[in-house]
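Peer 1: Supplied structure: my_file.tsv, TSV, C-alpha atoms.
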```tsv
chain	number	residue	atom	x	y	z
A	4	MET	CA	1.83	276.74	-13.89
A	5	ALA	CA	3.21	276.23	-10.42
A	6	LEU	CA	4.26	273.53	-8.01
A	7	ARG	CA	2.45	274.08	-4.77
A	8	GLY	CA	2.82	272.39	-1.42
A	9	VAL	CA	-0.11	271.54	0.84
A	10	VAL	CA	0.88	272.65	4.34
A	11	GLU	CA	-1.00	271.96	7.55
A	12	VAL	CA	-0.55	274.36	10.45
A	13	VAL	CA	-1.78	273.49	13.94
A	14	VAL	CA	-2.21	276.14	16.64
A	15	HIS	CA	-2.54	274.98	20.24
A	16	PHE	CA	-3.60	277.51	22.85
A	17	GLU	CA	-2.61	275.94	26.14
A	18	SER	CA	-3.57	278.65	28.65
A	19	PHE	CA	-4.44	282.31	29.17
A	20	ARG	CA	-3.37	284.54	32.05
A	21	ASN	CA	-4.82	287.90	32.97
A	22	VAL	CA	-2.11	290.21	34.28
A	23	ASP	CA	-3.89	293.57	34.30
A	24	LEU	CA	-6.83	293.76	31.92
A	25	PHE	CA	-8.84	296.98	32.06
A	26	HIS	CA	-12.27	295.35	32.12
A	27	GLN	CA	-14.04	292.37	33.54
A	28	GLY	CA	-15.98	290.53	30.88
A	29	MET	CA	-15.98	287.71	28.37
A	30	TYR	CA	-12.87	287.03	26.31
A	31	HIS	CA	-11.61	284.63	23.70
A	32	LEU	CA	-8.67	284.40	21.30
A	33	LYS	CA	-9.25	284.53	17.54
A	34	THR	CA	-6.62	283.34	15.09
A	35	ARG	CA	-6.10	283.42	11.35
A	36	ILE	CA	-3.16	282.48	9.12
A	37	TYR	CA	-2.36	283.87	5.68
A	38	GLN	CA	0.37	284.37	3.11
A	39	ASP	CA	1.10	287.78	1.61
A	40	ALA	CA	1.57	287.18	-2.12
A	41	GLY	CA	2.04	290.86	-2.93
A	42	ASP	CA	-1.06	291.69	-4.95
A	43	GLN	CA	-3.18	289.03	-3.24
A	44	ILE	CA	-3.58	287.52	0.20
A	45	ILE	CA	-3.89	283.74	0.46
A	46	SER	CA	-5.76	282.70	3.58
A	47	ALA	CA	-5.26	279.35	5.27
A	48	ILE	CA	-8.55	277.50	5.68
A	49	PRO	CA	-9.46	276.29	9.19
A	50	TYR	CA	-11.14	272.92	8.84
A	51	ALA	CA	-11.10	271.26	12.28
A	52	HIS	CA	-10.73	272.03	15.96
A	53	SER	CA	-10.69	270.23	19.28
A	54	GLY	CA	-10.30	271.08	22.94
A	55	GLU	CA	-10.13	269.73	26.44
A	56	GLN	CA	-13.18	270.00	28.69
A	57	HIS	CA	-11.49	270.91	31.96
A	58	GLN	CA	-11.36	267.31	33.09
A	59	ARG	CA	-8.91	268.06	35.87
A	60	SER	CA	-11.03	270.86	37.32
A	61	MET	CA	-14.17	268.76	37.29
A	62	SER	CA	-12.49	265.67	38.71
A	63	SER	CA	-10.86	267.62	41.52
A	64	ALA	CA	-14.20	269.22	42.32
A	65	SER	CA	-16.01	265.88	42.49
A	66	SER	CA	-13.38	264.43	44.82
A	67	SER	CA	-13.58	267.32	47.28
A	68	SER	CA	-15.15	266.52	50.63
A	69	SER	CA	-16.64	270.01	51.09
A	70	GLY	CA	-19.91	270.71	49.32
A	71	GLN	CA	-19.13	274.42	49.11
A	72	SER	CA	-15.77	273.68	47.51
A	73	VAL	CA	-17.44	271.45	44.93
A	74	LYS	CA	-19.91	274.20	44.06
A	75	LEU	CA	-17.17	276.81	43.76
A	76	LYS	CA	-14.98	274.70	41.47
A	77	ASP	CA	-17.94	273.78	39.29
A	78	GLN	CA	-18.73	277.47	38.88
A	79	ARG	CA	-15.12	278.32	38.02
A	80	ALA	CA	-14.98	275.55	35.40
A	81	ASP	CA	-18.26	276.81	33.92
A	82	GLN	CA	-17.10	280.44	33.80
A	83	HIS	CA	-13.99	279.38	31.91
A	84	ASN	CA	-16.04	277.68	29.20
A	85	VAL	CA	-18.97	279.98	28.38
A	86	LEU	CA	-18.88	279.19	24.66
A	87	ASP	CA	-17.16	276.32	22.89
A	88	PRO	CA	-14.30	276.77	20.38
A	89	HIS	CA	-15.54	277.45	16.87
A	90	ILE	CA	-14.57	278.25	13.29
A	91	THR	CA	-15.89	281.26	11.37
A	92	ASP	CA	-15.89	280.12	7.75
A	93	ASP	CA	-16.44	283.48	6.07
A	94	GLN	CA	-13.50	285.04	7.96
A	95	TYR	CA	-11.20	281.98	7.84
A	96	THR	CA	-10.64	282.20	11.60
A	97	PHE	CA	-10.48	279.82	14.54
A	98	SER	CA	-11.60	281.01	17.98
A	99	THR	CA	-10.89	279.44	21.34
A	100	ARG	CA	-13.53	278.87	23.99
A	101	THR	CA	-15.03	281.99	25.54
A	102	PHE	CA	-14.16	282.56	29.19
A	103	ILE	CA	-15.02	285.10	31.86
A	104	ILE	CA	-12.27	287.15	33.50
A	105	ARG	CA	-13.04	288.67	36.91
A	106	TYR	CA	-9.73	288.84	38.81
A	107	CYS	CA	-6.16	289.99	38.38
A	108	GLU	CA	-3.68	287.14	37.91
A	109	GLU	CA	-6.56	284.86	36.93
A	110	GLU	CA	-5.47	281.88	34.83
A	111	VAL	CA	-7.59	279.91	32.39
A	112	GLU	CA	-6.69	276.44	31.12
A	113	LEU	CA	-7.66	276.30	27.46
A	114	GLY	CA	-6.20	273.31	25.63
A	115	ASP	CA	-7.90	274.43	22.39
A	116	ILE	CA	-6.45	273.29	19.06
A	117	GLY	CA	-7.20	274.63	15.57
A	118	GLN	CA	-6.08	273.05	12.28
A	119	PHE	CA	-5.45	275.08	9.12
A	120	ARG	CA	-4.48	274.07	5.58
A	121	ILE	CA	-2.98	276.22	2.86
A	122	GLU	CA	-1.32	275.77	-0.52
A	123	VAL	CA	1.98	277.61	-0.92
A	124	ASP	CA	4.45	278.00	-3.78
A	125	VAL	CA	7.61	276.03	-3.11
A	126	ALA	CA	11.08	276.33	-4.58
A	127	ARG	CA	13.76	273.65	-4.58
A	128	ILE	CA	17.21	275.01	-3.79
A	129	LEU	CA	20.59	273.44	-3.17
A	130	GLN	CA	22.50	274.74	-0.20
A	131	GLU	CA	25.38	273.75	2.02
A	132	ARG	CA	24.67	272.77	5.59
A	133	PRO	CA	27.35	272.82	8.28
A	134	GLY	CA	28.50	269.34	9.17
A	135	SER	CA	27.01	267.65	6.10
A	136	PRO	CA	29.07	266.83	3.00
A	137	GLY	CA	28.03	268.24	-0.35
A	138	LEU	CA	24.84	270.06	-1.13
A	139	THR	CA	21.44	269.42	0.45
A	140	GLN	CA	18.16	269.93	-1.37
A	141	THR	CA	15.69	272.05	0.60
A	142	LEU	CA	12.13	273.16	-0.07
A	143	LEU	CA	11.52	276.79	0.75
A	144	SER	CA	8.39	278.92	0.64
A	145	ALA	CA	7.33	282.45	1.45
A	146	PRO	CA	6.57	283.03	5.15
A	147	LEU	CA	3.10	282.77	6.63
A	148	TYR	CA	1.63	285.32	9.00
A	149	LEU	CA	-0.23	284.39	12.15
A	150	GLU	CA	-2.64	286.91	13.68
A	151	VAL	CA	-3.93	286.50	17.24
A	152	ASP	CA	-6.75	288.81	18.36
A	153	LEU	CA	-7.92	289.29	21.93
A	154	MET	CA	-11.70	289.48	21.62
A	155	TYR	CA	-13.80	291.12	24.33
A	156	ALA	CA	-17.47	291.55	25.20
A	157	ASP	CA	-18.74	293.46	28.22
A	158	PHE	CA	-21.38	292.17	30.61
A	159	ASN	CA	-23.50	293.61	33.37
A	160	GLN	CA	-21.62	293.16	36.62
A	161	ASN	CA	-24.93	292.48	38.40
A	162	SER	CA	-25.42	289.29	36.42
A	163	LYS	CA	-23.67	286.35	38.00
A	164	PRO	CA	-23.25	283.37	35.68
A	165	GLY	CA	-23.07	280.15	37.62
A	166	GLY	CA	-23.47	281.80	41.01
A	167	ASN	CA	-23.20	285.08	42.89
A	168	ALA	CA	-20.47	287.28	44.27
A	169	ALA	CA	-20.81	285.73	47.73
A	170	ASP	CA	-19.52	282.44	46.32
A	171	MET	CA	-16.21	284.03	45.24
A	172	PRO	CA	-13.11	283.77	47.45
A	173	PRO	CA	-12.99	286.72	49.87
A	174	ASN	CA	-9.32	287.48	49.20
A	175	SER	CA	-9.60	287.50	45.39
A	176	GLN	CA	-8.56	290.76	43.75
A	177	ALA	CA	-11.09	291.98	41.21
A	178	ALA	CA	-10.05	293.26	37.81
A	179	THR	CA	-10.97	296.80	36.90
A	180	PRO	CA	-14.71	296.68	36.09
A	181	GLY	CA	-15.95	297.78	32.69
A	182	GLY	CA	-17.72	301.06	32.18
A	183	SER	CA	-20.85	301.40	30.09
A	184	GLY	CA	-21.64	297.70	29.71
A	185	GLU	CA	-22.21	297.95	25.96
A	186	GLY	CA	-22.08	294.85	23.80
A	187	GLY	CA	-22.93	292.21	26.37
A	188	GLY	CA	-25.60	293.00	28.90
A	189	ARG	CA	-27.06	290.71	31.51
A	190	ASP	CA	-28.20	288.06	29.07
A	191	GLY	CA	-24.84	288.13	27.30
A	192	CYS	CA	-23.32	285.99	30.05
A	193	ASP	CA	-26.02	283.35	30.33
A	194	ARG	CA	-24.48	280.14	29.13
A	195	GLY	CA	-26.57	278.41	26.50
A	196	LYS	CA	-29.00	281.33	26.11
A	197	ASP	CA	-27.84	284.55	24.46
A	198	ALA	CA	-24.07	284.30	24.95
A	199	ASP	CA	-23.63	283.08	21.38
A	200	LYS	CA	-25.37	286.27	20.15
A	201	THR	CA	-23.00	288.59	21.99
A	202	GLU	CA	-20.94	290.90	19.80
A	203	PHE	CA	-17.22	290.69	20.47
A	204	LYS	CA	-14.68	293.29	19.43
A	205	SER	CA	-10.92	293.07	19.02
A	206	VAL	CA	-9.23	295.10	21.75
A	207	SER	CA	-5.63	294.02	21.07
A	208	TYR	CA	-3.71	291.84	18.63
A	209	GLN	CA	-0.29	290.47	17.78
A	210	VAL	CA	1.12	289.32	14.43
A	211	TYR	CA	3.86	286.71	14.05
A	212	ARG	CA	5.79	285.53	11.02
A	213	LEU	CA	6.23	281.80	10.47
A	214	ASN	CA	9.29	280.97	8.37
A	215	ASN	CA	10.07	277.72	6.53
A	216	VAL	CA	6.73	276.08	7.22
A	217	THR	CA	7.38	273.50	4.48
A	218	THR	CA	10.37	272.11	6.38
A	219	GLY	CA	8.38	271.73	9.59
A	220	VAL	CA	7.87	274.25	12.37
A	221	HIS	CA	7.51	273.38	16.06
A	222	GLU	CA	7.56	276.59	18.04
A	223	TYR	CA	6.53	277.94	21.41
A	224	ILE	CA	5.13	281.46	21.14
A	225	PRO	CA	4.45	283.49	24.30
A	226	VAL	CA	1.68	285.82	23.13
A	227	VAL	CA	1.82	289.10	25.08
A	228	PHE	CA	-0.78	291.78	24.39
A	229	ASP	CA	-0.27	295.52	24.77
A	230	GLU	CA	0.08	297.42	28.04
A	231	TYR	CA	-3.54	298.57	27.97
A	232	HIS	CA	-4.74	294.95	27.80
A	233	PHE	CA	-1.93	293.26	29.66
A	234	ALA	CA	-2.51	289.53	29.31
A	235	THR	CA	-0.52	286.57	28.06
A	236	ALA	CA	-1.32	283.31	26.29
A	237	VAL	CA	0.76	280.18	25.84
A	238	LEU	CA	0.69	279.16	22.17
A	239	LEU	CA	2.32	276.22	20.39
A	240	VAL	CA	2.53	276.17	16.58
A	241	HIS	CA	3.30	273.13	14.43
A	242	SER	CA	3.49	272.77	10.65
A	243	VAL	CA	4.00	269.86	8.26
A	244	LEU	CA	4.16	269.47	4.48
A	245	LEU	CA	1.43	266.99	3.52
A	246	ASP	CA	1.43	266.80	-0.28
A	247	PHE	CA	2.21	268.51	-3.57
A	248	ARG	CA	-0.18	269.94	-6.15
A	249	PHE	CA	0.64	270.96	-9.72
A	250	ARG	CA	-1.61	273.91	-10.52
A	251	ILE	CA	-2.07	275.37	-13.98
A	252	ARG	CA	-4.00	278.24	-12.42
A	253	PRO	CA	-3.29	278.92	-8.76
A	254	SER	CA	-6.39	278.78	-6.55
A	255	LEU	CA	-6.17	281.78	-4.25
A	256	VAL	CA	-8.39	282.42	-1.27
A	257	SER	CA	-8.57	286.18	-0.74
A	258	ALA	CA	-8.54	287.52	2.79
A	259	PRO	CA	-11.90	288.95	3.94
A	260	TYR	CA	-10.33	292.07	5.41
A	261	GLN	CA	-7.12	294.06	5.30
A	262	THR	CA	-4.06	292.49	6.79
A	263	ARG	CA	-1.95	294.04	9.54
A	264	HIS	CA	1.63	294.65	8.59
A	265	LYS	CA	2.93	295.44	12.07
A	266	LEU	CA	4.88	292.42	13.27
A	267	ALA	CA	5.13	291.55	16.93
A	268	ALA	CA	8.62	291.62	18.37
A	269	ARG	CA	9.88	288.11	19.01
```
Would you mind writing the file out in structure tokens?

Peer 2:
Amino acid sequence: MALRGVVEVVVHFESFRNVDLFHQGMYHLKTRIYQDAGDQIISAIPYAHSGEQHQRSMSSASSSSSGQSVKLKDQRADQHNVLDPHITDDQYTFSTRTFIIRYCEEEVELGDIGQFRIEVDVARILQERPGSPGLTQTLLSAPLYLEVDLMYADFNQNSKPGGNAADMPPNSQAATPGGSGEGGGRDGCDRGKDADKTEFKSVSYQVYRLNNVTTGVHEYIPVVFDEYHFATAVLLVHSVLLDFRFRIRPSLVSAPYQTRHKLAAR
């Protein structure tokens, strides 16, 4: 028998910036949250997501007086939203929109939000807080772990989604092009055709520990990937305790694959 708290965790990916990625291609960020209970892993269940649709990019493009500028901005907005955000139920993961990276220092406005729920064991303790008289009752729980994967799929550089190379700014610096072109291909970049069938692979990841989620967490996390895939993402994490459940037998959701125990430096 156990007293368990229902915790909601919201992850908000605000933006992504390519500093020096090795390859041009399609990218997205995949996230999962879990609790390490020793002999078992309890995965948070993603149940909802939402995201902006680049309203500012589209509105600025429509207000431009130059037809060529309108076309260019429309193409850029399209290349930064190849596939919509989605949830993979069997892996308990939330993925942001898929975007195409072509240039160094290229920035992508995401605005994608994923919502997770998880039941955690809670313990009531009495502790002293500076500045407050007497003892204060606090609910504590074991930490949660947040994994962020940088997912990548190659594409044929000859394919030009939404336009051709002549439409790109002449002074833009190209990222290092990919090699063999495996995993994507020409059709892998065609929006609405075969892009959703493209196989993505994790090329880098970071793991963060979220403490005291039952007392409410509101944190800014600058996600920085490794030196071989040098890119950053702006991430906001919020948590709130919604309810309590009294469980005779704890309902555990096992993780679909092995967890990573290397924690990112914070």

Peer 1: Figure out the distance between atom CA of Val226 of chain A and atom CA of Glu202 of chain A, please, to one decimal in Å.

Peer 2: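 If I compute the distance from atom CA of Glu202 of chain A to atom CA of Val226 of chain A, I get 23.4 Å.
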
Peer 1: From the list A:Ser53, A:Thr217, A:Gln43, A:Gln94, which residue is nearest Asp124 of chain A when using all atoms listed in the file?

Peer 2: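 For Asp124 of chain A, the nearest of the candidates is A:Thr217.
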
Peer 1: Using all atoms listed in the file for the distances, tell me which of A:Gln118, A:Asn84, A:Ser242, A:Ser98 is nearest to Asn214 of chain A.

Peer 2: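 Under the stated criterion, the closest residue is A:Ser242.
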
Peer 1: Rank A:Leu238, A:Val125, A:Ile251, A:Ala145 by their smallest atom-to-atom distance to Phe16 of chain A, using only C-alpha atoms, and report the top residue only.

Peer 2: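 Once distances to Phe16 of chain A are computed over only C-alpha atoms, the minimum belongs to A:Leu238.
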
Peer 1: When you look at segment 28-31 of chain A with a cut-off of 6 Å (counting only C-alpha atoms), what residues show up, excluding the ones that are within fewer than 3 positions of it in the same chain? I need them as a list in words.

Peer 2: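 Residues meeting the cut-off are Thr99, Thr101, Phe102, Ile103, Ile104, Met154, Tyr155, Ala156, Asp157 and Phe158 of chain A.
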
Peer 1: Check the smallest atom-to-atom distance from each of A:Ile90, A:Leu153, A:Ala40, A:Val237 to Ser207 of chain A using all atoms listed in the file, then report the winner.

Peer 2: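 Of A:Ile90, A:Leu153, A:Ala40, A:Val237, the one nearest Ser207 of chain A is A:Leu153, counting all atoms listed in the file.
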